[in-house]
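Engineer: My structure file work.csv, CSV, C-alpha atoms, is below:
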chain,number,residue,atom,x,y,z
A,4,MET,CA,90.7,100.8,50.3
A,5,ASN,CA,93.5,103.2,50.1
A,6,ARG,CA,96.9,101.4,50.0
A,7,GLY,CA,98.4,104.2,52.1
A,8,TYR,CA,96.4,103.1,55.2
A,9,LEU,CA,97.3,99.4,54.8
A,10,LEU,CA,101.1,99.6,55.3
A,11,PRO,CA,101.1,101.6,58.5
A,12,LEU,CA,98.3,99.6,59.9
A,13,CYS,CA,100.1,96.3,59.3
A,14,LEU,CA,103.4,97.8,60.6
A,15,ALA,CA,101.6,99.0,63.8
A,16,THR,CA,100.0,95.6,64.2
A,17,ILE,CA,103.3,93.8,63.9
A,18,ALA,CA,105.1,96.3,66.2
A,19,LEU,CA,102.4,95.9,68.9
A,20,SER,CA,101.9,92.2,68.8
A,21,SER,CA,105.4,90.7,68.7
A,22,GLY,CA,109.1,91.0,68.9
A,23,CYS,CA,109.3,93.7,71.5
A,24,SER,CA,111.9,93.9,74.2
A,25,MET,CA,110.2,95.0,77.4
A,26,MET,CA,110.9,95.5,81.1
A,27,ALA,CA,108.9,93.9,83.9
A,28,PRO,CA,107.4,96.7,86.1
A,29,ARG,CA,109.5,97.5,89.2
A,30,TYR,CA,108.3,95.8,92.3
A,31,THR,CA,105.6,97.4,94.3
A,32,ALA,CA,104.9,95.9,97.7
A,33,SER,CA,101.5,94.6,98.8
A,34,ILE,CA,100.5,96.6,101.9
A,35,ASP,CA,98.7,93.5,103.2
A,36,ASN,CA,102.1,91.7,103.1
A,37,VAL,CA,103.8,94.7,104.8
A,38,GLN,CA,101.2,94.8,107.5
A,39,LYS,CA,101.6,91.1,108.1
A,40,ILE,CA,105.3,91.6,108.8
A,41,LYS,CA,104.7,94.7,110.9
A,42,ASP,CA,102.0,92.9,113.0
A,43,ALA,CA,104.3,89.9,113.6
A,44,ASP,CA,106.7,92.0,115.6
A,45,THR,CA,109.8,90.5,114.2
A,46,GLN,CA,113.5,91.4,114.7
A,47,PRO,CA,115.4,93.6,112.3
A,48,VAL,CA,116.5,91.7,109.2
A,49,ARG,CA,118.9,92.1,106.3
A,50,VAL,CA,118.5,90.7,102.8
A,51,GLY,CA,121.5,88.7,101.5
A,52,THR,CA,122.1,87.2,98.1
A,53,PHE,CA,119.6,85.5,96.0
A,54,GLU,CA,120.9,83.1,93.3
A,55,SER,CA,119.2,81.8,90.2
A,56,THR,CA,119.1,78.1,89.8
A,57,PRO,CA,119.6,77.2,86.1
A,58,GLY,CA,116.7,75.3,84.6
A,59,LYS,CA,114.3,75.2,81.7
A,60,SER,CA,111.5,76.6,83.8
A,61,ASN,CA,113.6,79.4,85.3
A,62,ALA,CA,113.4,81.8,82.4
A,63,ASN,CA,115.5,85.0,82.1
A,64,PRO,CA,114.4,86.9,80.2
A,65,ILE,CA,110.8,85.6,80.1
A,66,SER,CA,109.4,85.0,76.6
A,67,ILE,CA,105.8,86.1,76.0
A,68,ARG,CA,104.4,85.6,72.5
A,69,GLY,CA,107.8,86.4,70.9
A,70,SER,CA,108.4,89.4,73.1
A,71,SER,CA,111.0,89.3,75.9
A,72,LEU,CA,110.4,90.5,79.4
A,73,ALA,CA,113.6,91.4,81.3
A,74,SER,CA,114.0,92.2,85.0
A,75,PRO,CA,114.5,95.9,85.9
A,76,TYR,CA,117.0,94.8,88.5
A,77,GLU,CA,120.3,94.3,86.7
A,78,SER,CA,118.4,92.0,84.3
A,79,SER,CA,118.2,89.4,87.1
A,80,TYR,CA,114.9,87.9,88.4
A,81,ALA,CA,116.7,86.6,91.5
A,82,LYS,CA,117.6,90.2,92.3
A,83,TYR,CA,113.9,91.0,91.7
A,84,ILE,CA,113.0,88.7,94.6
A,85,ALA,CA,115.7,90.2,96.8
A,86,GLU,CA,114.5,93.7,96.0
A,87,ALA,CA,110.9,92.7,96.7
A,88,LEU,CA,111.9,91.4,100.2
A,89,ARG,CA,113.9,94.5,100.9
A,90,GLN,CA,111.0,96.8,100.0
A,91,ASP,CA,108.5,94.8,102.1
A,92,LEU,CA,110.8,94.8,105.1
A,93,GLU,CA,111.7,98.5,104.7
A,94,LEU,CA,108.1,99.6,104.5
A,95,ALA,CA,107.4,97.4,107.6
A,96,GLY,CA,110.3,99.2,109.4
A,97,ARG,CA,112.2,95.9,109.8
A,98,LEU,CA,115.1,96.3,107.4
A,99,ALA,CA,118.5,96.9,108.9
A,100,PRO,CA,121.7,96.4,106.9
A,101,ASP,CA,123.7,95.4,110.0
A,102,ALA,CA,121.0,93.0,111.4
A,103,LYS,CA,122.1,89.6,112.8
A,104,ILE,CA,119.2,87.8,110.9
A,105,GLU,CA,119.7,87.4,107.2
A,106,ILE,CA,117.3,86.2,104.5
A,107,SER,CA,118.9,84.7,101.3
A,108,GLY,CA,117.8,82.2,98.8
A,109,ALA,CA,117.5,81.1,95.2
A,110,LEU,CA,115.0,81.5,92.5
A,111,GLN,CA,114.2,78.1,91.1
A,112,LYS,CA,111.2,78.6,88.8
A,113,ASN,CA,110.2,81.7,86.9
A,114,ASP,CA,107.9,81.8,83.9
A,115,VAL,CA,104.9,83.4,82.3
A,116,ASN,CA,102.7,81.8,79.7
A,117,ILE,CA,100.0,83.5,77.6
A,118,PRO,CA,98.6,81.0,75.1
A,119,ALA,CA,96.5,82.2,72.2
A,120,VAL,CA,93.4,80.6,73.8
A,121,GLY,CA,92.8,80.4,77.5
A,122,SER,CA,94.1,82.1,80.7
A,123,GLY,CA,97.5,83.6,81.2
A,124,THR,CA,99.5,81.7,83.8
A,125,GLY,CA,102.6,82.4,85.8
A,126,ASP,CA,104.8,80.2,88.0
A,127,LEU,CA,107.3,81.2,90.6
A,128,GLU,CA,109.3,79.0,93.0
A,129,ALA,CA,112.0,80.1,95.3
A,130,ARG,CA,114.1,78.7,98.2
A,131,PHE,CA,114.2,81.0,101.2
A,132,ILE,CA,116.9,80.6,103.9
A,133,VAL,CA,117.0,82.5,107.2
A,134,LYS,CA,120.3,82.5,109.2
A,135,ARG,CA,121.0,84.0,112.5
A,136,GLY,CA,124.7,84.6,113.2
A,137,GLY,CA,125.4,82.1,110.4
A,138,GLU,CA,123.2,79.4,111.9
A,139,SER,CA,120.3,78.2,109.7
A,140,LYS,CA,116.9,78.8,111.3
A,141,TYR,CA,114.7,78.3,108.2
A,142,ASP,CA,115.1,76.7,104.8
A,143,GLN,CA,112.1,76.1,102.7
A,144,VAL,CA,110.8,76.3,99.1
A,145,LYS,CA,107.7,78.4,98.3
A,146,THR,CA,105.8,78.0,95.1
A,147,ILE,CA,102.9,79.8,93.4
A,148,HIS,CA,100.9,79.2,90.3
A,149,ASP,CA,99.0,82.3,89.2
A,150,MET,CA,96.2,82.7,86.6
A,151,TRP,CA,94.6,85.7,85.0
A,152,GLU,CA,92.2,86.5,82.2
A,153,SER,CA,94.1,86.8,78.9
A,154,SER,CA,93.3,87.5,75.3
A,155,PHE,CA,93.9,86.2,71.8
A,156,VAL,CA,94.9,89.8,70.9
A,157,GLY,CA,98.6,90.3,71.6
A,158,ALA,CA,98.3,94.0,72.3
A,159,VAL,CA,95.9,93.1,75.1
A,160,ALA,CA,97.5,89.9,76.4
A,161,ILE,CA,101.1,91.1,76.5
A,162,PRO,CA,100.6,94.3,78.7
A,163,ARG,CA,98.3,92.3,81.0
A,164,ALA,CA,101.0,89.7,81.5
A,165,GLN,CA,103.7,92.4,81.9
A,166,ALA,CA,101.6,94.1,84.6
A,167,ARG,CA,101.0,90.8,86.4
A,168,TYR,CA,104.7,90.0,87.2
A,169,PRO,CA,104.9,92.1,90.4
A,170,VAL,CA,101.6,90.6,91.6
A,171,MET,CA,103.1,87.1,91.1
A,172,VAL,CA,106.0,88.1,93.3
A,173,GLN,CA,103.6,89.6,95.9
A,174,LYS,CA,101.8,86.2,96.0
A,175,LEU,CA,105.0,84.3,96.4
A,176,LEU,CA,106.0,86.5,99.3
A,177,ALA,CA,102.5,86.2,100.8
A,178,GLU,CA,103.1,82.4,101.0
A,179,LEU,CA,106.4,83.0,102.8
A,180,TYR,CA,104.9,85.5,105.3
A,181,ALA,CA,102.0,83.2,106.0
A,182,ASP,CA,104.4,80.4,107.1
A,183,PRO,CA,104.5,80.5,111.0
A,184,ALA,CA,108.0,78.8,110.9
A,185,PHE,CA,109.3,81.7,108.8
A,186,ILE,CA,107.9,84.3,111.2
A,187,ALA,CA,109.3,82.3,114.2
A,188,ALA,CA,112.7,82.4,112.5
A,189,LEU,CA,112.6,86.2,112.4
A,190,LYS,CA,111.9,86.5,116.1
B,12,MET,CA,93.2,90.0,46.5
B,13,ARG,CA,90.4,92.1,47.8
B,14,SER,CA,89.4,89.5,50.4
B,15,LEU,CA,93.1,89.2,51.5
B,16,ARG,CA,93.3,93.0,52.0
B,17,LEU,CA,90.0,92.9,53.9
B,18,GLY,CA,91.3,90.1,56.1
B,19,ILE,CA,94.5,92.0,56.9
B,20,VAL,CA,92.6,95.2,57.7
B,21,MET,CA,90.1,93.3,59.9
B,22,ALA,CA,93.0,91.6,61.7
B,23,GLY,CA,94.6,94.9,62.2
B,24,VAL,CA,91.5,96.5,63.6
B,25,VAL,CA,90.9,93.5,65.9
B,26,MET,CA,94.5,93.7,67.2
B,27,VAL,CA,94.9,97.4,67.6
B,28,GLY,CA,91.5,99.0,67.7
B,29,GLY,CA,88.8,99.5,70.3
B,30,CYS,CA,90.5,97.4,73.0
B,31,ALA,CA,91.2,98.3,76.7
B,32,HIS,CA,94.9,97.7,77.3
B,33,GLN,CA,96.1,97.0,80.8
B,34,MET,CA,98.5,99.5,82.3
B,35,THR,CA,99.5,100.4,85.9
B,36,MET,CA,100.0,103.7,87.7
B,37,ARG,CA,102.4,102.4,90.4
B,38,ALA,CA,105.0,104.9,91.4
B,39,ASP,CA,108.5,103.6,92.1
B,40,VAL,CA,108.4,103.5,95.8
B,41,ALA,CA,112.2,103.6,96.2
B,42,GLY,CA,112.1,107.1,94.7
B,43,LEU,CA,109.6,108.4,97.2
B,44,ALA,CA,112.0,109.7,99.9
B,45,SER,CA,111.3,112.0,102.8
B,46,PRO,CA,112.5,115.5,102.0
B,47,ALA,CA,115.8,116.4,103.7
B,48,GLY,CA,115.2,118.1,107.1
B,49,ALA,CA,111.5,117.2,107.1
B,50,LYS,CA,109.9,116.8,110.6
B,51,PRO,CA,107.3,114.0,110.6
B,52,ILE,CA,104.0,114.7,112.3
B,53,PRO,CA,104.2,113.0,115.7
B,54,LYS,CA,101.0,111.0,115.3
B,55,ASN,CA,100.0,107.5,114.3
B,56,ILE,CA,97.7,107.3,111.2
B,57,GLY,CA,95.5,104.6,109.7
B,58,LEU,CA,95.1,104.4,105.9
B,59,TYR,CA,91.7,103.2,104.8
B,60,ILE,CA,90.8,102.2,101.3
B,61,SER,CA,87.4,100.4,100.9
B,62,PRO,CA,87.4,97.0,99.3
B,63,GLU,CA,85.3,98.5,96.5
B,64,ASN,CA,87.9,101.1,95.7
B,65,ARG,CA,90.7,98.7,96.0
B,66,ALA,CA,89.1,96.5,93.3
B,67,LYS,CA,88.0,99.4,91.2
B,68,GLU,CA,89.2,99.3,87.5
B,69,VAL,CA,89.1,102.5,85.5
B,70,THR,CA,89.2,102.8,81.7
B,71,THR,CA,90.3,106.1,80.1
B,72,PRO,CA,91.5,107.0,76.6
B,73,GLY,CA,94.7,105.8,75.2
B,74,GLY,CA,96.1,106.3,71.7
B,75,GLY,CA,94.8,105.4,68.3
B,76,GLY,CA,91.2,105.3,69.5
B,77,ASP,CA,92.0,102.6,72.1
B,78,LYS,CA,91.6,102.7,75.8
B,79,VAL,CA,93.8,101.9,78.8
B,80,SER,CA,92.6,100.3,82.0
B,81,TYR,CA,94.1,100.3,85.5
B,82,HIS,CA,93.3,100.1,89.2
B,83,PRO,CA,94.0,103.6,90.7
B,84,TYR,CA,93.6,102.7,94.3
B,85,ALA,CA,95.4,99.3,94.3
B,86,ASP,CA,98.2,100.9,92.2
B,87,MET,CA,98.6,103.9,94.4
B,88,GLU,CA,98.2,102.2,97.8
B,89,THR,CA,101.8,101.4,98.3
B,90,GLY,CA,103.0,104.8,97.3
B,91,LEU,CA,100.5,106.4,99.7
B,92,TYR,CA,101.6,104.1,102.5
B,93,LYS,CA,105.2,105.1,101.9
B,94,VAL,CA,104.5,108.8,101.8
B,95,LEU,CA,102.4,108.6,105.0
B,96,GLY,CA,105.2,106.7,106.6
B,97,ASN,CA,107.6,109.5,105.6
B,98,THR,CA,105.3,112.2,107.0
B,99,PHE,CA,103.8,110.6,110.2
B,100,GLN,CA,105.3,108.8,113.2
B,101,ASN,CA,103.7,105.6,112.0
B,102,VAL,CA,101.2,104.3,109.5
B,103,ASP,CA,99.0,101.2,109.5
B,104,LEU,CA,96.5,99.8,107.2
B,105,LEU,CA,92.9,99.6,108.4
B,106,SER,CA,90.6,96.9,107.1
B,107,THR,CA,87.5,98.8,108.1
B,108,LEU,CA,86.7,102.3,109.3
B,109,SER,CA,85.5,100.7,112.6
B,110,ASP,CA,88.5,98.5,113.0
B,111,VAL,CA,88.7,99.3,116.7
B,112,ASN,CA,91.3,96.6,117.4
B,113,SER,CA,93.8,98.1,115.0
B,114,ILE,CA,92.9,101.6,116.1
B,115,ALA,CA,93.7,100.7,119.8
B,116,LYS,CA,96.6,98.4,119.1
B,117,HIS,CA,98.5,100.9,117.0
B,118,SER,CA,97.3,104.0,119.1
B,119,LEU,CA,96.0,105.7,116.0
B,120,THR,CA,94.8,109.2,116.3
B,121,LEU,CA,94.1,110.0,112.7
B,122,ILE,CA,92.5,108.2,109.7
B,123,VAL,CA,93.1,109.1,106.1
B,124,ILE,CA,90.7,108.2,103.3
B,125,PRO,CA,91.9,108.8,99.7
B,126,GLU,CA,89.9,109.7,96.6
B,127,ILE,CA,91.6,109.3,93.3
B,128,ALA,CA,90.5,110.7,89.9
B,129,THR,CA,92.5,110.2,86.7
B,130,LYS,CA,92.6,111.4,83.1
B,131,SER,CA,94.7,110.1,80.2
B,132,SER,CA,95.3,110.9,76.6
B,133,SER,CA,97.8,110.1,73.8
B,134,ASN,CA,99.4,111.9,70.9
B,135,GLY,CA,100.0,108.5,69.3
B,136,VAL,CA,97.9,107.5,66.3
B,137,PHE,CA,99.3,103.9,65.8
B,138,THR,CA,100.0,103.0,69.4
B,139,TRP,CA,97.6,102.4,72.3
B,140,MET,CA,99.7,103.6,75.2
B,141,ALA,CA,98.8,106.9,77.0
B,142,THR,CA,101.4,109.5,76.5
B,143,ASP,CA,99.9,111.9,79.0
B,144,PHE,CA,98.4,111.1,82.4
B,145,THR,CA,96.9,113.2,85.2
B,146,VAL,CA,96.2,112.1,88.8
B,147,GLN,CA,94.1,114.0,91.2
B,148,LEU,CA,94.7,112.8,94.7
B,149,SER,CA,92.4,114.1,97.5
B,150,CYS,CA,92.7,112.8,101.0
B,151,LYS,CA,90.3,113.4,103.9
B,152,PHE,CA,91.9,113.3,107.3
B,153,THR,CA,89.6,112.6,110.3
B,154,ASP,CA,90.1,111.8,113.9
B,155,VAL,CA,89.1,108.3,115.1
B,156,ALA,CA,85.5,109.5,115.8
B,157,GLY,CA,85.1,110.5,112.1
B,158,ARG,CA,85.4,114.3,112.6
B,159,GLU,CA,87.3,116.0,109.7
B,160,VAL,CA,90.6,117.4,110.7
B,161,ASP,CA,92.0,118.5,107.3
B,162,SER,CA,91.7,117.8,103.6
B,163,VAL,CA,94.8,117.7,101.4
B,164,SER,CA,94.8,117.5,97.6
B,165,SER,CA,97.5,117.3,94.9
B,166,THR,CA,97.5,116.9,91.1
B,167,GLY,CA,100.3,115.0,89.4
B,168,THR,CA,101.0,114.9,85.7
B,169,GLY,CA,103.2,112.5,83.7
B,170,HIS,CA,104.3,112.5,80.1
B,171,ALA,CA,106.1,109.8,78.2
B,172,GLU,CA,107.5,109.5,74.7
B,173,PHE,CA,107.2,106.4,72.5
B,174,SER,CA,110.9,105.7,73.3
B,175,ASP,CA,109.9,105.3,77.0
B,176,LEU,CA,106.6,103.6,76.3
B,177,LYS,CA,107.9,100.8,74.1
B,178,SER,CA,109.6,99.1,77.0
B,179,ASP,CA,107.3,100.4,79.8
B,180,PHE,CA,103.7,100.8,78.6
B,181,SER,CA,102.8,102.5,81.9
B,182,ALA,CA,105.5,105.2,82.0
B,183,ALA,CA,103.1,108.2,81.8
B,184,GLY,CA,100.9,106.8,84.6
B,185,GLU,CA,103.8,106.0,86.9
B,186,ARG,CA,105.2,109.5,86.5
B,187,ALA,CA,101.9,111.2,87.2
B,188,SER,CA,101.4,109.0,90.2
B,189,ARG,CA,104.8,109.8,91.6
B,190,ASP,CA,104.3,113.5,90.9
B,191,ALA,CA,101.0,113.5,92.8
B,192,LEU,CA,102.5,111.7,95.7
B,193,GLU,CA,105.5,114.0,96.0
B,194,LYS,CA,103.2,117.0,96.0
B,195,PHE,CA,100.9,115.4,98.5
B,196,GLN,CA,103.8,114.7,100.8
B,197,ALA,CA,104.9,118.3,100.7
B,198,ALA,CA,101.4,119.5,101.4
B,199,VAL,CA,100.9,117.2,104.3
B,200,LEU,CA,104.2,118.3,105.9
B,201,GLN,CA,103.0,121.9,105.7
B,202,SER,CA,99.5,121.3,107.2
B,203,GLU,CA,99.1,123.1,110.5
B,204,ALA,CA,95.8,121.3,111.2
B,205,LEU,CA,97.4,117.9,111.1
B,206,ARG,CA,100.1,118.9,113.6
B,207,LYS,CA,97.7,120.3,116.2
Would you kindly transcribe this structure into structure tokens?

Structural biologist:
Amino acid sequence: MNRGYLLPLCLATIALSSGCSMMAPRYTASIDNVQKIKDADTQPVRVGTFESTPGKSNANPISIRGSSLASPYESSYAKYIAEALRQDLELAGRLAPDAKIEISGALQKNDVNIPAVGSGTGDLEARFIVKRGGESKYDQVKTIHDMWESSFVGAVAIPRAQARYPVMVQKLLAELYADPAFIAALK
Amino acid sequence: MRSLRLGIVMAGVVMVGGCAHQMTMRADVAGLASPAGAKPIPKNIGLYISPENRAKEVTTPGGGGDKVSYHPYADMETGLYKVLGNTFQNVDLLSTLSDVNSIAKHSLTLIVIPEIATKSSSNGVFTWMATDFTVQLSCKFTDVAGREVDSVSSTGTGHAEFSDLKSDFSAAGERASRDALEKFQAAVLQSEALRK
């Protein structure tokens, strides 16, 4: 074996399997979610502030096999949730910056785990508050636990986990939009 | 020593060789704005993507002998919805082509069915990410009875350097997707057949 091949191969292996600083993909709405809001015939809504509740399971950045995954929205995953809501509402034609109804909240749990053996998992938990003219109409916590096929190989498992983050957020928001009390608060 | 070298090489091959790596080709929807002064087509349109296409995963070449895999229809669905919303009075998602309830409820007069073909390649020897990506988007527009009204196609290309790809593995695909959607939007706005 030529030594010349060995060094670059090892360097590439190390570079691809650990220690990278990555960005989560920007949010892309699920059209099923958008259509749900559209069909619900709700009032125009604005998106307020989303805070991040400090906690061990509320990671920022997220650590996946020694690589760090940062939010593309000012490095804040709470802002990721706010942006996701904004995008869903805008595509549904229900976003209005001067609306009387405001959705705000807090991200309470945020983590992705890809063990060397077994499935990749992701957890999100957020509190959603709906206020109309300052009066609280809805205040509930939504949680999701996501699972996907992962791999022992870091160069396969890490991109798969990275690509999964927007899907996790879509699932969290699908839980919210499926709640009749939330939809009623927007009417 | 020889067995140690062999072990390292085998580990390297397992870790970087022959795998299909997940990427996406989702365009940044926030950047898909309607062109200034554009007049939307005053019709309501339904977007239909079959469940088979939505679930379809495609594998094409990446770098270093590796492959990349992604879901073209699921990844482009939101961008398509946004662009159709920019170019028509209203857009709604159809669950089936015979979704008569949605067609009636949303007063749809047109239905659009996309076909997506992709190509990828890489100039990287030691990295798996695709540095070049091409998206061919072809959409058939029909009336609600299934008669073809027009067909609009666009081709988008995207290139990314390693400096972009090290933090965003999908940069080339995302750029190609956005390019295809922007060209598609311009072509739809110019279609006389769709305005009739």

Engineer: Could you please determine the separation between CA of Gly137 in chain A and CA of Leu92 in chain A in Å, to one decimal place?

Structural biologist: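 Separating CA of Gly137 in chain A from CA of Leu92 in chain A is a distance of 20.1 Å.
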
Engineer: Considering only C-alpha atoms, return as a list of chain:residue names whatever protein or nucleic-acid residues lie within 6 Å of range 82-89 of chain B, sequence-local ones (same chain, fewer than 6 positions apart) excluded.

Structural biologist: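 Result of the neighbour search: B:Met36, B:Arg37, B:Arg65, B:Lys67, B:Glu68.
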
Engineer: Looking at A:Gln143, A:Ser122, A:Gln90, A:Gln173, which one is nearest to chain B, with distances taken over all atoms listed in the file?

Structural biologist: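 Using all atoms listed in the file, the shortest distance to chain B belongs to A:Gln90.
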
Engineer: Quick one: residues within 9 Å of range 184-188 of chain B, only C-alpha atoms, excluding same-chain residues fewer than 5 positions away - as a PyMOL selection string?

Structural biologist: chain B and resi 34-39+86-87+90+131+141-148+166-171+193

Engineer: Excluding range 37-43 of chain A and its own-chain neighbours fewer than 2 positions away, which residues fall within 10 Å of it when counting all atoms listed in the file? Please give them as a VMD selection string.

Structural biologist: (chain A and resid 32 to 35 45 to 46 88 90 to 97 177 180 to 181 183 186 to 187 189 to 190) or (chain B and resid 89 92 102 to 105 113 116 to 117)

Engineer: Using the selection just defined, write its residues with C-alpha atoms as a PDB file, in the frame of the given file.

Structural biologist:
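Written output follows (selection.pdb):
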ATOM      1  CA  ALA A  32     104.900  95.900  97.700  1.00  0.00           C
ATOM      2  CA  SER A  33     101.500  94.600  98.800  1.00  0.00           C
ATOM      3  CA  ILE A  34     100.500  96.600 101.900  1.00  0.00           C
ATOM      4  CA  ASP A  35      98.700  93.500 103.200  1.00  0.00           C
ATOM      5  CA  THR A  45     109.800  90.500 114.200  1.00  0.00           C
ATOM      6  CA  GLN A  46     113.500  91.400 114.700  1.00  0.00           C
ATOM      7  CA  LEU A  88     111.900  91.400 100.200  1.00  0.00           C
ATOM      8  CA  GLN A  90     111.000  96.800 100.000  1.00  0.00           C
ATOM      9  CA  ASP A  91     108.500  94.800 102.100  1.00  0.00           C
ATOM     10  CA  LEU A  92     110.800  94.800 105.100  1.00  0.00           C
ATOM     11  CA  GLU A  93     111.700  98.500 104.700  1.00  0.00           C
ATOM     12  CA  LEU A  94     108.100  99.600 104.500  1.00  0.00           C
ATOM     13  CA  ALA A  95     107.400  97.400 107.600  1.00  0.00           C
ATOM     14  CA  GLY A  96     110.300  99.200 109.400  1.00  0.00           C
ATOM     15  CA  ARG A  97     112.200  95.900 109.800  1.00  0.00           C
ATOM     16  CA  ALA A 177     102.500  86.200 100.800  1.00  0.00           C
ATOM     17  CA  TYR A 180     104.900  85.500 105.300  1.00  0.00           C
ATOM     18  CA  ALA A 181     102.000  83.200 106.000  1.00  0.00           C
ATOM     19  CA  PRO A 183     104.500  80.500 111.000  1.00  0.00           C
ATOM     20  CA  ILE A 186     107.900  84.300 111.200  1.00  0.00           C
ATOM     21  CA  ALA A 187     109.300  82.300 114.200  1.00  0.00           C
ATOM     22  CA  LEU A 189     112.600  86.200 112.400  1.00  0.00           C
ATOM     23  CA  LYS A 190     111.900  86.500 116.100  1.00  0.00           C
TER      24      LYS A 190
ATOM     25  CA  THR B  89     101.800 101.400  98.300  1.00  0.00           C
ATOM     26  CA  TYR B  92     101.600 104.100 102.500  1.00  0.00           C
ATOM     27  CA  VAL B 102     101.200 104.300 109.500  1.00  0.00           C
ATOM     28  CA  ASP B 103      99.000 101.200 109.500  1.00  0.00           C
ATOM     29  CA  LEU B 104      96.500  99.800 107.200  1.00  0.00           C
ATOM     30  CA  LEU B 105      92.900  99.600 108.400  1.00  0.00           C
ATOM     31  CA  SER B 113      93.800  98.100 115.000  1.00  0.00           C
ATOM     32  CA  LYS B 116      96.600  98.400 119.100  1.00  0.00           C
ATOM     33  CA  HIS B 117      98.500 100.900 117.000  1.00  0.00           C
TER      34      HIS B 117
END

Engineer: Would you mind reading off the distance between CA of Tyr30 in chain A and CA of Glu54 in chain A, one decimal, in Å?

Structural biologist: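 Between CA of Tyr30 in chain A and CA of Glu54 in chain A the gap is 17.9 Å.
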
Engineer: Which residues are near Leu110 in chain A? Cut-off 6 Å, all atoms listed in the file, ignore same chain within fewer than 4 positions. Put them as number ranges by chain.

Structural biologist: A: 55-56, 81, 129

Engineer: May I have the selected residues written with C-alpha atoms, as an mmCIF file, in the frame of the given file?

Structural biologist:
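The resulting part.cif:
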data_model
loop_
_atom_site.group_PDB
_atom_site.id
_atom_site.type_symbol
_atom_site.label_atom_id
_atom_site.label_comp_id
_atom_site.auth_asym_id
_atom_site.auth_seq_id
_atom_site.Cartn_x
_atom_site.Cartn_y
_atom_site.Cartn_z
ATOM 1 C CA SER A 55 119.200 81.800 90.200
ATOM 2 C CA THR A 56 119.100 78.100 89.800
ATOM 3 C CA ALA A 81 116.700 86.600 91.500
ATOM 4 C CA ALA A 129 112.000 80.100 95.300
#

Engineer: Hey, which of B:Tyr81, B:Val94, B:Thr120, B:Val69 ends up closest to Arg158 in chain B? Count only C-alpha atoms.

Structural biologist: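 Closest candidate: B:Thr120.
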
Engineer: As an MDAnalysis selection string, please: the residues near Lys177 in chain B (cut-off 8 Å, all atoms listed in the file, same-chain neighbours under 4 positions excluded).

Structural biologist: (chainID A and resid 23:25) or (chainID B and resid 173)

Engineer: Given the point (90.5, 113.1, 100.2) in the coordinates of this file, which residues lie within 6 Å, counting only C-alpha atoms, and how would they look as JSON, numbers by chain?

Structural biologist: {"B": [124, 125, 126, 149, 150, 151, 162]}

Engineer: Could you tell me how far CA of Cys30 in chain B lies from CA of Gly69 in chain A, in Å and to one decimal?

Structural biologist: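 Spanning CA of Cys30 in chain B to CA of Gly69 in chain A is a straight-line distance of 20.6 Å.
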
Engineer: Considering all atoms listed in the file, can you say which of B:Gln100, B:Ile60, B:Val111, B:Asp161 comes closest to Leu205 in chain B?

Structural biologist: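 Among the listed residues, B:Asp161 lies closest to Leu205 in chain B.
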
Engineer: Can range 70-80 of chain B be brought up to N, CA and C atoms and written out as a CSV table (one decimal), in the coordinates of the input?

Structural biologist:
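Once everything was written out, this is selection39.csv:
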chain,number,residue,atom,x,y,z
B,70,THR,N,88.8,102.8,83.2
B,70,THR,CA,89.2,102.8,81.7
B,70,THR,C,89.1,104.3,81.2
B,71,THR,N,90.2,104.7,80.7
B,71,THR,CA,90.3,106.1,80.1
B,71,THR,C,91.0,106.0,78.7
B,72,PRO,N,90.9,107.1,78.0
B,72,PRO,CA,91.5,107.0,76.6
B,72,PRO,C,93.0,106.8,76.5
B,73,GLY,N,93.3,106.0,75.5
B,73,GLY,CA,94.7,105.8,75.2
B,73,GLY,C,95.0,106.4,73.8
B,74,GLY,N,95.8,105.7,73.0
B,74,GLY,CA,96.1,106.3,71.7
B,74,GLY,C,95.4,105.5,70.6
B,75,GLY,N,95.3,106.0,69.4
B,75,GLY,CA,94.8,105.4,68.3
B,75,GLY,C,93.4,104.9,68.4
B,76,GLY,N,92.6,105.6,69.2
B,76,GLY,CA,91.2,105.3,69.5
B,76,GLY,C,91.0,104.2,70.5
B,77,ASP,N,92.1,103.7,71.0
B,77,ASP,CA,92.0,102.6,72.1
B,77,ASP,C,91.9,103.2,73.5
B,78,LYS,N,91.7,102.3,74.4
B,78,LYS,CA,91.6,102.7,75.8
B,78,LYS,C,92.6,102.0,76.7
B,79,VAL,N,92.9,102.6,77.8
B,79,VAL,CA,93.8,101.9,78.8
B,79,VAL,C,93.0,101.7,80.1
B,80,SER,N,93.3,100.6,80.7
B,80,SER,CA,92.6,100.3,82.0
B,80,SER,C,93.6,100.0,83.1
